[in-house]
Each structure stands twice: as C-alpha cells, then as structure tokens.
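Asks: This one is start-v3.pdb, PDB, C-alpha atoms, pLDDT in the B column.
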MODEL        1
ATOM      1  CA  MET A   1      76.572 -18.383 -24.481  1.00 55.00           C
ATOM      2  CA  ASN A   2      77.648 -21.810 -25.653  1.00 63.00           C
ATOM      3  CA  ASP A   3      74.525 -22.699 -27.567  1.00 79.00           C
ATOM      4  CA  ALA A   4      72.701 -20.534 -30.070  1.00 93.00           C
ATOM      5  CA  LEU A   5      69.317 -21.946 -28.960  1.00 93.00           C
ATOM      6  CA  ALA A   6      68.466 -18.970 -26.763  1.00 93.00           C
ATOM      7  CA  GLU A   7      69.228 -16.450 -29.506  1.00 94.00           C
ATOM      8  CA  ASP A   8      67.481 -18.518 -32.191  1.00 94.00           C
ATOM      9  CA  LEU A   9      64.397 -18.847 -29.995  1.00 94.00           C
ATOM     10  CA  ARG A  10      64.379 -15.134 -29.119  1.00 93.00           C
ATOM     11  CA  HIS A  11      64.621 -14.232 -32.785  1.00 95.00           C
ATOM     12  CA  ALA A  12      61.938 -16.709 -33.935  1.00 95.00           C
ATOM     13  CA  ILE A  13      59.448 -15.738 -31.217  1.00 95.00           C
ATOM     14  CA  GLY A  14      60.054 -12.036 -31.806  1.00 94.00           C
ATOM     15  CA  ASP A  15      59.424 -12.452 -35.533  1.00 95.00           C
ATOM     16  CA  LEU A  16      56.290 -14.499 -34.825  1.00 94.00           C
ATOM     17  CA  VAL A  17      54.896 -11.907 -32.406  1.00 91.00           C
ATOM     18  CA  ARG A  18      55.528  -9.086 -34.887  1.00 90.00           C
ATOM     19  CA  ALA A  19      53.915 -11.082 -37.714  1.00 92.00           C
ATOM     20  CA  VAL A  20      50.805 -11.815 -35.652  1.00 90.00           C
ATOM     21  CA  ARG A  21      50.506  -8.150 -34.621  1.00 88.00           C
ATOM     22  CA  VAL A  22      49.875  -7.246 -38.261  1.00 87.00           C
ATOM     23  CA  ALA A  23      46.259  -8.276 -37.573  1.00 83.00           C
ATOM     24  CA  ASP A  24      45.952  -5.703 -34.756  1.00 87.00           C
ATOM     25  CA  THR A  25      43.575  -2.810 -35.214  1.00 90.00           C
ATOM     26  CA  MET A  26      44.648  -0.827 -32.163  1.00 93.00           C
ATOM     27  CA  PRO A  27      48.013   0.444 -30.957  1.00 92.00           C
ATOM     28  CA  THR A  28      50.098  -2.077 -29.044  1.00 89.00           C
ATOM     29  CA  GLY A  29      50.285   0.087 -25.912  1.00 92.00           C
ATOM     30  CA  GLU A  30      46.529   0.428 -25.684  1.00 95.00           C
ATOM     31  CA  ALA A  31      45.965  -3.287 -26.231  1.00 94.00           C
ATOM     32  CA  ALA A  32      48.596  -4.096 -23.590  1.00 94.00           C
ATOM     33  CA  ILE A  33      46.908  -1.836 -21.030  1.00 96.00           C
ATOM     34  CA  LEU A  34      43.507  -3.377 -21.732  1.00 97.00           C
ATOM     35  CA  GLY A  35      45.086  -6.809 -21.353  1.00 95.00           C
ATOM     36  CA  HIS A  36      46.588  -5.940 -17.963  1.00 95.00           C
ATOM     37  CA  LEU A  37      43.309  -4.495 -16.704  1.00 97.00           C
ATOM     38  CA  ASP A  38      41.377  -7.490 -17.986  1.00 97.00           C
ATOM     39  CA  ARG A  39      43.730 -10.089 -16.461  1.00 95.00           C
ATOM     40  CA  ASP A  40      44.813  -8.346 -13.274  1.00 94.00           C
ATOM     41  CA  GLY A  41      42.035  -5.922 -12.365  1.00 96.00           C
ATOM     42  CA  PRO A  42      42.246  -2.180 -11.721  1.00 97.00           C
ATOM     43  CA  HIS A  43      45.575  -0.331 -11.655  1.00 96.00           C
ATOM     44  CA  THR A  44      46.846   3.225 -11.572  1.00 96.00           C
ATOM     45  CA  THR A  45      48.565   4.677 -14.616  1.00 96.00           C
ATOM     46  CA  ALA A  46      51.883   4.531 -12.754  1.00 95.00           C
ATOM     47  CA  GLU A  47      51.407   0.835 -11.987  1.00 95.00           C
ATOM     48  CA  LEU A  48      50.590   0.110 -15.620  1.00 96.00           C
ATOM     49  CA  ALA A  49      53.686   2.011 -16.769  1.00 95.00           C
ATOM     50  CA  GLN A  50      55.828  -0.038 -14.392  1.00 94.00           C
ATOM     51  CA  ARG A  51      54.280  -3.351 -15.502  1.00 91.00           C
ATOM     52  CA  ARG A  52      54.881  -2.467 -19.157  1.00 92.00           C
ATOM     53  CA  ASN A  53      58.356  -1.025 -18.551  1.00 91.00           C
ATOM     54  CA  VAL A  54      57.430   2.253 -20.226  1.00 95.00           C
ATOM     55  CA  THR A  55      57.504   5.847 -19.024  1.00 95.00           C
ATOM     56  CA  HIS A  56      54.586   7.277 -17.108  1.00 95.00           C
ATOM     57  CA  GLN A  57      54.054   9.739 -19.974  1.00 96.00           C
ATOM     58  CA  SER A  58      53.799   6.926 -22.512  1.00 95.00           C
ATOM     59  CA  ALA A  59      51.287   5.020 -20.389  1.00 96.00           C
ATOM     60  CA  ALA A  60      49.320   8.219 -19.701  1.00 96.00           C
ATOM     61  CA  LYS A  61      49.027   8.904 -23.439  1.00 96.00           C
ATOM     62  CA  SER A  62      47.604   5.414 -24.052  1.00 96.00           C
ATOM     63  CA  VAL A  63      45.298   5.735 -21.034  1.00 97.00           C
ATOM     64  CA  LYS A  64      43.964   9.061 -22.339  1.00 97.00           C
ATOM     65  CA  GLU A  65      43.080   7.454 -25.678  1.00 97.00           C
ATOM     66  CA  LEU A  66      41.368   4.555 -23.908  1.00 97.00           C
ATOM     67  CA  LEU A  67      39.404   6.944 -21.688  1.00 97.00           C
ATOM     68  CA  ASP A  68      38.402   9.111 -24.666  1.00 97.00           C
ATOM     69  CA  THR A  69      37.045   6.066 -26.518  1.00 97.00           C
ATOM     70  CA  GLY A  70      35.261   4.632 -23.474  1.00 97.00           C
ATOM     71  CA  LEU A  71      37.395   1.492 -23.270  1.00 98.00           C
ATOM     72  CA  VAL A  72      38.470   2.251 -19.686  1.00 98.00           C
ATOM     73  CA  ARG A  73      36.984   4.275 -16.834  1.00 98.00           C
ATOM     74  CA  THR A  74      38.426   5.749 -13.653  1.00 96.00           C
ATOM     75  CA  GLU A  75      37.403   5.748 -10.018  1.00 95.00           C
ATOM     76  CA  PRO A  76      39.104   7.404  -7.068  1.00 93.00           C
ATOM     77  CA  HIS A  77      41.667   5.185  -5.371  1.00 91.00           C
ATOM     78  CA  PRO A  78      40.150   3.903  -2.104  1.00 90.00           C
ATOM     79  CA  ASP A  79      43.409   4.366  -0.150  1.00 88.00           C
ATOM     80  CA  ASP A  80      44.815   7.510  -1.752  1.00 87.00           C
ATOM     81  CA  GLY A  81      42.481  10.263  -2.901  1.00 83.00           C
ATOM     82  CA  ARG A  82      45.201  11.768  -5.108  1.00 89.00           C
ATOM     83  CA  LYS A  83      45.209   8.696  -7.341  1.00 90.00           C
ATOM     84  CA  HIS A  84      42.694   7.133  -9.699  1.00 94.00           C
ATOM     85  CA  LEU A  85      42.239   3.467 -10.518  1.00 96.00           C
ATOM     86  CA  LEU A  86      41.612   2.434 -14.096  1.00 97.00           C
ATOM     87  CA  TYR A  87      39.034  -0.231 -14.906  1.00 97.00           C
ATOM     88  CA  ILE A  88      38.325  -1.895 -18.235  1.00 98.00           C
ATOM     89  CA  THR A  89      34.766  -1.256 -19.410  1.00 98.00           C
ATOM     90  CA  ASP A  90      32.464  -3.765 -21.071  1.00 98.00           C
ATOM     91  CA  THR A  91      33.196  -1.984 -24.355  1.00 98.00           C
ATOM     92  CA  GLY A  92      36.925  -2.300 -23.681  1.00 97.00           C
ATOM     93  CA  ARG A  93      36.600  -5.979 -22.858  1.00 97.00           C
ATOM     94  CA  ALA A  94      34.670  -6.578 -26.109  1.00 97.00           C
ATOM     95  CA  ARG A  95      37.309  -4.682 -28.109  1.00 96.00           C
ATOM     96  CA  LEU A  96      40.103  -6.648 -26.455  1.00 96.00           C
ATOM     97  CA  ARG A  97      38.287  -9.899 -27.201  1.00 96.00           C
ATOM     98  CA  ARG A  98      38.063  -8.907 -30.893  1.00 94.00           C
ATOM     99  CA  GLU A  99      41.795  -8.083 -30.974  1.00 94.00           C
ATOM    100  CA  ARG A 100      42.692 -11.400 -29.369  1.00 93.00           C
ATOM    101  CA  THR A 101      40.386 -13.296 -31.722  1.00 94.00           C
ATOM    102  CA  GLN A 102      41.944 -11.615 -34.768  1.00 92.00           C
ATOM    103  CA  ARG A 103      45.446 -12.538 -33.595  1.00 92.00           C
ATOM    104  CA  ALA A 104      44.451 -16.116 -32.796  1.00 93.00           C
ATOM    105  CA  THR A 105      42.631 -16.516 -36.115  1.00 94.00           C
ATOM    106  CA  SER A 106      45.647 -15.227 -38.026  1.00 92.00           C
ATOM    107  CA  LEU A 107      47.992 -17.555 -36.158  1.00 95.00           C
ATOM    108  CA  ASP A 108      45.634 -20.529 -36.471  1.00 96.00           C
ATOM    109  CA  SER A 109      45.371 -19.993 -40.207  1.00 95.00           C
ATOM    110  CA  ALA A 110      49.153 -19.990 -40.538  1.00 95.00           C
ATOM    111  CA  ILE A 111      49.450 -23.124 -38.404  1.00 97.00           C
ATOM    112  CA  GLN A 112      46.811 -24.991 -40.422  1.00 97.00           C
ATOM    113  CA  ASN A 113      48.182 -23.883 -43.800  1.00 97.00           C
ATOM    114  CA  THR A 114      51.867 -24.376 -43.049  1.00 97.00           C
ATOM    115  CA  LEU A 115      52.342 -27.292 -40.674  1.00 97.00           C
ATOM    116  CA  THR A 116      51.634 -30.974 -41.057  1.00 98.00           C
ATOM    117  CA  PRO A 117      49.546 -32.743 -38.385  1.00 97.00           C
ATOM    118  CA  ASP A 118      52.758 -34.113 -36.822  1.00 98.00           C
ATOM    119  CA  GLU A 119      54.333 -30.656 -36.791  1.00 98.00           C
ATOM    120  CA  ARG A 120      51.189 -29.195 -35.199  1.00 98.00           C
ATOM    121  CA  GLN A 121      51.511 -31.793 -32.434  1.00 97.00           C
ATOM    122  CA  GLN A 122      55.188 -30.925 -31.960  1.00 97.00           C
ATOM    123  CA  LEU A 123      54.227 -27.270 -31.654  1.00 97.00           C
ATOM    124  CA  ARG A 124      51.452 -28.130 -29.195  1.00 97.00           C
ATOM    125  CA  ASP A 125      53.987 -30.079 -27.116  1.00 97.00           C
ATOM    126  CA  CYS A 126      56.235 -26.988 -26.944  1.00 96.00           C
ATOM    127  CA  VAL A 127      53.597 -24.705 -25.413  1.00 96.00           C
ATOM    128  CA  PRO A 128      54.086 -25.926 -21.807  1.00 96.00           C
ATOM    129  CA  LEU A 129      57.853 -25.524 -22.207  1.00 96.00           C
ATOM    130  CA  LEU A 130      57.471 -21.945 -23.419  1.00 95.00           C
ATOM    131  CA  THR A 131      55.053 -21.239 -20.569  1.00 94.00           C
ATOM    132  CA  ARG A 132      57.585 -22.561 -18.029  1.00 95.00           C
ATOM    133  CA  LEU A 133      60.325 -20.408 -19.526  1.00 94.00           C
ATOM    134  CA  THR A 134      58.113 -17.320 -19.362  1.00 91.00           C
ATOM    135  CA  THR A 135      57.161 -18.067 -15.769  1.00 92.00           C
ATOM    136  CA  HIS A 136      60.816 -18.465 -14.815  1.00 93.00           C
ATOM    137  CA  ILE A 137      61.892 -15.264 -16.575  1.00 90.00           C
ATOM    138  CA  ASN A 138      59.050 -13.333 -14.903  1.00 85.00           C
ATOM    139  CA  GLY A 139      60.097 -14.715 -11.517  1.00 83.00           C
ATOM    140  CA  ARG A 140      56.826 -16.489 -10.800  1.00 65.00           C
ATOM    141  CA  ARG A 141      56.247 -20.016  -9.640  1.00 56.00           C
ATOM    142  CA  PRO A 142      54.406 -22.417 -11.950  1.00 50.00           C
TER     143      PRO A 142
ENDMDL
END
Would you encode the structure as structure tokens?
Replies:
Amino acid sequence: MNDALAEDLRHAIGDLVRAVRVADTMPTGEAAILGHLDRDGPHTTAELAQRRNVTHQSAAKSVKELLDTGLVRTEPHPDDGRKHLLYITDTGRARLRRERTQRATSLDSAIQNTLTPDERQQLRDCVPLLTRLTTHINGRRP
C-alpha cells in the first residue's frame, strides 16, 4: 500500500461507527438483524448469519431474543417446510426506527457542534464517494 489513505479512512470510519453506537440501546447483532429484515424482507436464520458473516449459533441467539421480545415473527418457508422465515414486526420496525433516530441525532449533534458550515458541506460532498466505495466493496453496481 503506497498511500496511507485507505488505512486512515478505515480507522476514522471505524472510530466514528463505534462512537455513534454508544447511543444504541440494543445489542448490535439484534439491531443488524432487524435492519436486514427491514431493508431486504424475510430471511432464514442461516441466511442472516451468512449476510452478517457470523456463525449460525450467534445469529440464532440474536433471533431468539428478537422472537422473545416480539420484534420478529416466524412463518414456515413456502419452499422448504423444514425452514422458517423471519419477518420484522411492527414493534420491531418501531424499535429499529428509534435506534436509527438515536444514532442520527447523536451524529447530527456532533456535526453541528464540531464542524463549520464549510466543513459540513465538505462532509456532505463526501457521502456519495463513500457510498460508491461501499457499493464497490460489496460487489454491487451503483
């Protein structure tokens, strides 16, 4: 690696993500599963584990907590009776919305209190670049 930009960016974004997560009120794994179900629709526990790059056991533990609290529900898989699909419930969607709002509020407060108007515009201009990088890394087309 000739340029330290990649490492500097990885470090800065990682620190930012961890700082914003301080506002979270639910475990990261549970919030991630709710996010996947909200964005992408129903999945099996195995599919969620694969998407999150965690073990099936880890995903199953988070799923059990979400089921016990009524944030997700299951239905038999239409193509394979041995499997169950997980769906986010209205309660789960409301909880996820609150989590996202808390994170965004925390980040917005830091942006407003730390950056000048010009710096906020510079940051705004970087968002499409970061989105393109993420899309490329995930192997999707823009």
Asks: Work out how far apart CA of Tyr87 (chain A) and CA of Val72 (chain A) are and give it in Å to one decimal.
Replies: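 Taking CA of Tyr87 (chain A) and CA of Val72 (chain A), their separation equals 5.4 Å.
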Asks: Quick one: apply the PyMOL selection byres ((chain A and resi 106) around 12) to the file and drop the selected residues here as a list in words.
Replies: Leu16, Val17, Ala19, Val20, Arg21, Val22, Ala23, Asp24, Glu99, Arg100, Thr101, Gln102, Arg103, Ala104, Thr105, Leu107, Asp108, Ser109, Ala110, Ile111, Gln112 and Asn113 of chain A
Asks: For the selection just defined, write its residues with C-alpha atoms to a file, as a tab-separated table (two decimals), keeping the file's coordinate frame.
Replies:
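out-v6.tsv, freshly written:
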chain	number	residue	atom	x	y	z
A	16	LEU	CA	56.29	-14.50	-34.83
A	17	VAL	CA	54.90	-11.91	-32.41
A	19	ALA	CA	53.92	-11.08	-37.71
A	20	VAL	CA	50.80	-11.82	-35.65
A	21	ARG	CA	50.51	-8.15	-34.62
A	22	VAL	CA	49.88	-7.25	-38.26
A	23	ALA	CA	46.26	-8.28	-37.57
A	24	ASP	CA	45.95	-5.70	-34.76
A	99	GLU	CA	41.80	-8.08	-30.97
A	100	ARG	CA	42.69	-11.40	-29.37
A	101	THR	CA	40.39	-13.30	-31.72
A	102	GLN	CA	41.94	-11.62	-34.77
A	103	ARG	CA	45.45	-12.54	-33.60
A	104	ALA	CA	44.45	-16.12	-32.80
A	105	THR	CA	42.63	-16.52	-36.12
A	107	LEU	CA	47.99	-17.56	-36.16
A	108	ASP	CA	45.63	-20.53	-36.47
A	109	SER	CA	45.37	-19.99	-40.21
A	110	ALA	CA	49.15	-19.99	-40.54
A	111	ILE	CA	49.45	-23.12	-38.40
A	112	GLN	CA	46.81	-24.99	-40.42
A	113	ASN	CA	48.18	-23.88	-43.80
Asks: Choose the residue, out of A:Ala49, A:Leu115, A:Leu37, A:Ala4, that has the smallest atom-to-atom separation from Gly92 (chain A); count all atoms listed in the file.
Replies: A:Leu37
Asks: Excluding Leu66 (chain A) and any residue of its chain fewer than 4 positions from it, enumerate the residues within 9 Å of it, using all atoms listed in the file, and give them as a list in words.
Replies: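 Counting only the stated atoms, we get Glu30, Ile33, Leu34, Lys61, Ser62, Gly70, Leu71, Val72, Arg73 and Gly92 of chain A.
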Asks: What does the structure give for the distance between CA of Thr44 (chain A) and CA of His77 (chain A), in Å to one decimal?
Replies: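 CA of Thr44 (chain A) sits 8.3 Å away from CA of His77 (chain A).
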Asks: So which one's closest to Arg51 (chain A), A:Thr69, A:Ala32, A:Arg132, A:Asp15? Using only C-alpha atoms, please.
Replies: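 Under the stated criterion, the closest residue is A:Ala32.
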Asks: Have a look at CA of Arg39 (chain A) and CA of Leu96 (chain A) and let me know their distance in Å, one decimal.
Replies: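 These two atoms are separated by 11.2 Å.
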Asks: Using all atoms listed in the file, find the one residue out of A:Thr28, A:Ala94, A:Asp38, A:Pro78 that sits nearest to Ala59 (chain A).
Replies: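 Using all atoms listed in the file, the shortest distance to Ala59 (chain A) belongs to A:Thr28.
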Asks: Can you work out which one of A:Arg18, A:Ile13, A:Leu85, A:Leu5 has the shortest atom-to-atom distance to Thr45 (chain A), counting all atoms listed in the file?
Replies: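 Of all the options, A:Leu85 lies closest to Thr45 (chain A).
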Asks: Please evaluate the PyMOL selection byres ((chain A and resi 75) around 6) against the displayed coordinates and give the resulting residues as number ranges by chain.
Replies: A: 74, 76, 84-85
